[in-house]
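Colleague: One structure follows; several queries about it will come next.
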Amino acid sequence: MKKMLKVMMPIAAGALIVSGCNSGGNASSEDYGLSDITFPLEEEVTLKFMTQSSPIAPEDPNDKLILQRMQEETGVKVEWTNYTSDSFVEKRNLAMASGEHPDAIMNAALSDNELLNLAEDGSIIAVEDLIEEHMPNLQAVLEQAPEYKAMMTAPDGHIYSFPWIEELGADKESIHSVDAFPWINQGWLDELGLEVPETTEELKEVLIAFRDNDPAGDGQTIPMSFIINHGGEDLSFLFGSFGLGDNWDHTVVTNDGEVKLTAADEGYKEAMKFFNELYEEGLMDVEAFEQDWNTYLAKGRENRYGLYFTWDKGNITGMNDQYTLMPALEGPDGQKNVARTNGMGFDRAKMVITSANQNLELTAKWIDQLYDPTQSVQNNWGTYGDTEKQNIFEYDEAASMLKHLPLEGTAPVELREETSIGGPLAILDEYYGSVTTKPEDAAWRLDLMKEVMVPDMTADNIYPKVFFPAEDLERLAEVEADLIPYVERKRAEWITNGMVEDEWEEYLAELERLGLSDWLEIKQRGFDQHTEGGA
């Protein structure tokens, strides 16, 4: 699950790991002249890929059992140029600009704009013919879920990349529907004889009780904490008591199909007034406006929070009964809403093939192995049968099924980053119960989503994964470069200084000056075209 990737690790800046030296200095492989390929090959050949991985993963990706098995099953050895995630984008861009192109880039981390620019300058190739001719596993996925083909296809009608697809629940019950779950300290509520709040005013009273009674002891109690403008750790959930609500990209779609910027909504202003009241009462963590993940984590593990926000409490305060999920609160005007995030398990640019590649059929067929259902599950989470590392699965031969093992205290994110390979994959909802089980933590979160969040979700739509034309992408990027930082700066200022009412009209005018109308027009056009296309 995407929010499991919040663990921050110290990384040697610019660290470069090359597994399998490129002795000839060539970034791509020679032409092997292979056709009508079936695996395993009679004689082993080498492809040269660039990738990125976690700093806690093996330096050489080929040390991962998943890739060792793939080499044995295909007869293809991959020579990896592997960068840690902090330096990958810079190194990738340098390689593409220099013309020293590998055969392909896996875990490519390309924006739509970057993808289209690389296609336009001929650095990467269109792959729709390769999919049709050589990739039956991916074709089977697209036949089962044709909406993904539409999302993969660029405005010019070509497909330039291979996607990552991970389904976990559908529509409102998708695991991605809400990032910032609000976790309230049930132990403190019980200790003080309080109930879980149901209104914003009750929340304020509970936080005051936490402040005054100091259940953490020695003045260590923090009634409410968050990391401002930080996705799942932001206090965005609380905006739903005042109107449209808010989410990480400040974009919602009304049930009439109108795209709106949450931060220009009148309810957003009212939420700011309430947050300033909490701040003035000393109910907010004073470090919430500058703390990093590690600081947030450390205080959570010391059980200092009355209320905090994150994707999964297991990563911060542990999988115990101390904290419970707080439902949506009724606001002063009777408003109660859980705003949906515009998230789904889809990344259209997880892997690309460069124009330097002279073994297109071979490369396509190797990538297609990643879309085999059993292979995809391992790519995403990790594997089984490893005698040296903890396994995330056991393989039930009788059922031909991968079954999740108990984690026994291991953080899911760490095991995943050490053993999985990411990259292109597809896990459809139909796979659960036949190809694999659901991860225990995901099944738990899905149940919470259904029971606690979904009943108060008023929006029927999310903003979809629109593939905009290049000119629209450029204008959106231009507007967002100034508009989003301005919105997020004012968010922090208003919580602390309480000037939202005095500054609101000036703020709306500045949003307009920064290009809000253009942004809304492009976003609306993209939504309408996507909806009309039935994607």
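Ordering of the structure tokens sets the chain letters (A, B, ...), residue numbers begin anew at 1 in every chain, and ligands are numbered from 1 in the order given.
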Residues within 10 Å of A:Thr324, please, as a compact mmCIF listing (two decimals) with N, CA, C and O atoms, in the first residue's frame. Count only C-alpha atoms; anything in the same chain fewer than 4 positions from it doesn't count.
Modeller:
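File out.txt, as written:
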# COMPACT_ATOMS: atom_id res chain seq x y z
N PHE A 181 -6.18 9.13 8.01
CA PHE A 181 -7.06 8.60 9.05
C PHE A 181 -6.78 9.34 10.37
O PHE A 181 -5.62 9.50 10.76
N PRO A 182 -7.84 9.75 11.10
CA PRO A 182 -7.66 10.40 12.40
C PRO A 182 -7.69 9.37 13.53
O PRO A 182 -8.71 8.72 13.76
N TRP A 183 -6.58 9.24 14.24
CA TRP A 183 -6.49 8.25 15.32
C TRP A 183 -6.57 8.97 16.66
O TRP A 183 -5.73 9.81 16.98
N ILE A 184 -7.58 8.64 17.46
CA ILE A 184 -7.78 9.29 18.75
C ILE A 184 -7.44 8.32 19.87
O ILE A 184 -7.66 7.11 19.76
N ASN A 185 -6.88 8.86 20.95
CA ASN A 185 -6.37 8.05 22.04
C ASN A 185 -7.50 7.51 22.91
O ASN A 185 -7.99 8.17 23.83
N GLN A 186 -7.93 6.28 22.59
CA GLN A 186 -9.04 5.66 23.32
C GLN A 186 -8.67 5.40 24.78
O GLN A 186 -9.52 5.51 25.67
N GLY A 187 -7.41 5.09 25.02
CA GLY A 187 -6.98 4.86 26.40
C GLY A 187 -7.16 6.10 27.26
O GLY A 187 -7.62 6.00 28.41
N VAL A 196 -15.83 9.14 22.45
CA VAL A 196 -15.27 9.60 21.17
C VAL A 196 -16.13 10.77 20.68
O VAL A 196 -17.36 10.66 20.64
N LEU A 307 -4.73 13.04 19.60
CA LEU A 307 -5.27 12.82 18.27
C LEU A 307 -4.15 13.08 17.29
O LEU A 307 -3.42 14.06 17.41
N LYS A 313 -2.05 3.40 11.81
CA LYS A 313 -1.50 3.65 13.15
C LYS A 313 -0.38 2.68 13.50
O LYS A 313 0.48 2.98 14.34
N ASN A 320 -2.28 -1.78 18.43
CA ASN A 320 -2.86 -2.12 19.73
C ASN A 320 -4.16 -1.33 19.89
O ASN A 320 -4.59 -0.64 18.97
Colleague: Going by DSSP on the backbone, which residues of stretch 48-281 of chain A come out as alpha helix (DSSP H)? List them as a ChimeraX atom specification.
Modeller: /A:65-74,88-98,112-120,128-134,136-144,147-152,186-192,200-213,266-280
Colleague: Which residues are near stretch 244-254 of chain A? Cut-off 7 Å, only C-alpha atoms, ignore same chain within fewer than 2 positions. Put them as a list in words.
Modeller: Gly231, Ser236, Phe237, Phe239, Gly240, Phe242, Asp256, Gly257, Glu258, Val259, Lys260, Leu261, Thr262, Ala263, Gly267, Asn337, Val338, Ala339, Thr341, Ala459, Asn461, Ile462 and Tyr463 of chain A
Colleague: I'd like the contact shell of A:Ala442 - 10 Å cut-off, only C-alpha atoms, skipping same-chain residues fewer than 6 positions apart - returned as a list in words.
Modeller: Met1, Leu168, Gly169, Ile175, Asp312 and Leu448 of chain A
Colleague: Check the smallest atom-to-atom distance from each of A:Gly219, A:Pro373, A:Gly433, A:Pro455 to A:Tyr305 using only C-alpha atoms, then report the winner.
Modeller: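 Checking each of A:Gly219, A:Pro373, A:Gly433, A:Pro455 against A:Tyr305, counting only C-alpha atoms, the winner is A:Gly219.
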Colleague: Can you work out which one of A:Ala150, A:Ser225, A:Thr354, A:Glu388 has the shortest atom-to-atom distance to A:Asp121, counting only C-alpha atoms?
Modeller: A:Thr354
Colleague: Name the residues in contact with A:Ile105 at a cut-off of 6 Å, using only C-alpha atoms, excluding same-chain residues fewer than 5 positions from it; report them as number ranges by chain.
Modeller: A: 49-51, 351-352
Colleague: Tell me which protein, DNA and RNA residues are within 10 Å of stretch 206-209 of chain A, counting only C-alpha atoms, leaving out same-chain ones fewer than 5 positions away, and put them as a list in words.
Modeller: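 Neighbouring residues, sequence-local ones excluded: Trp188, Leu189, Leu192, Leu194, Glu195, Val196, Pro197, Thr200, Glu201, Asp214, Pro215, Ile222, Pro223, Met224, Leu278, Glu281, Gly282, Leu283, Met284, Gly306 and Leu307 of chain A.
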Colleague: Using only C-alpha atoms, which of the listed residues (A:Lys389, A:Lys523, A:Trp311, A:Trp366) sits closest to A:Asp63?
Modeller: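 Among the listed residues, A:Lys389 lies closest to A:Asp63.
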Colleague: Set the distance at 7 Å and use only C-alpha atoms: which residues neighbour stretch 131-148 of chain A once local chain neighbours fewer than 5 positions away are removed? I'd like the list as a VMD selection string.
Modeller: chain A and resid 361 364 to 365 368 371 to 372 535
Colleague: Work out how far atom CA of A:Asp441 is from atom CA of A:Val454, in Å to one decimal.
Modeller: 18.3 Å
Colleague: May I ask for the distance between atom CA of A:Thr410 and atom CA of A:Leu67, given in Å to one decimal place?
Modeller: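 Result for atom CA of A:Thr410 versus atom CA of A:Leu67: 22.7 Å, one decimal.
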Colleague: A:Ala298, A:Met152, A:Leu325, A:Met319: which is nearest A:Val466, counting only C-alpha atoms?
Modeller: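 Nearest to A:Val466: A:Met152.
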Colleague: Of the candidates A:Ile421, A:Leu508, A:Leu360, A:Leu520, which one gets nearest to A:Asn62 if we count only C-alpha atoms?
Modeller: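 Closest residue, counting only C-alpha atoms: A:Ile421.
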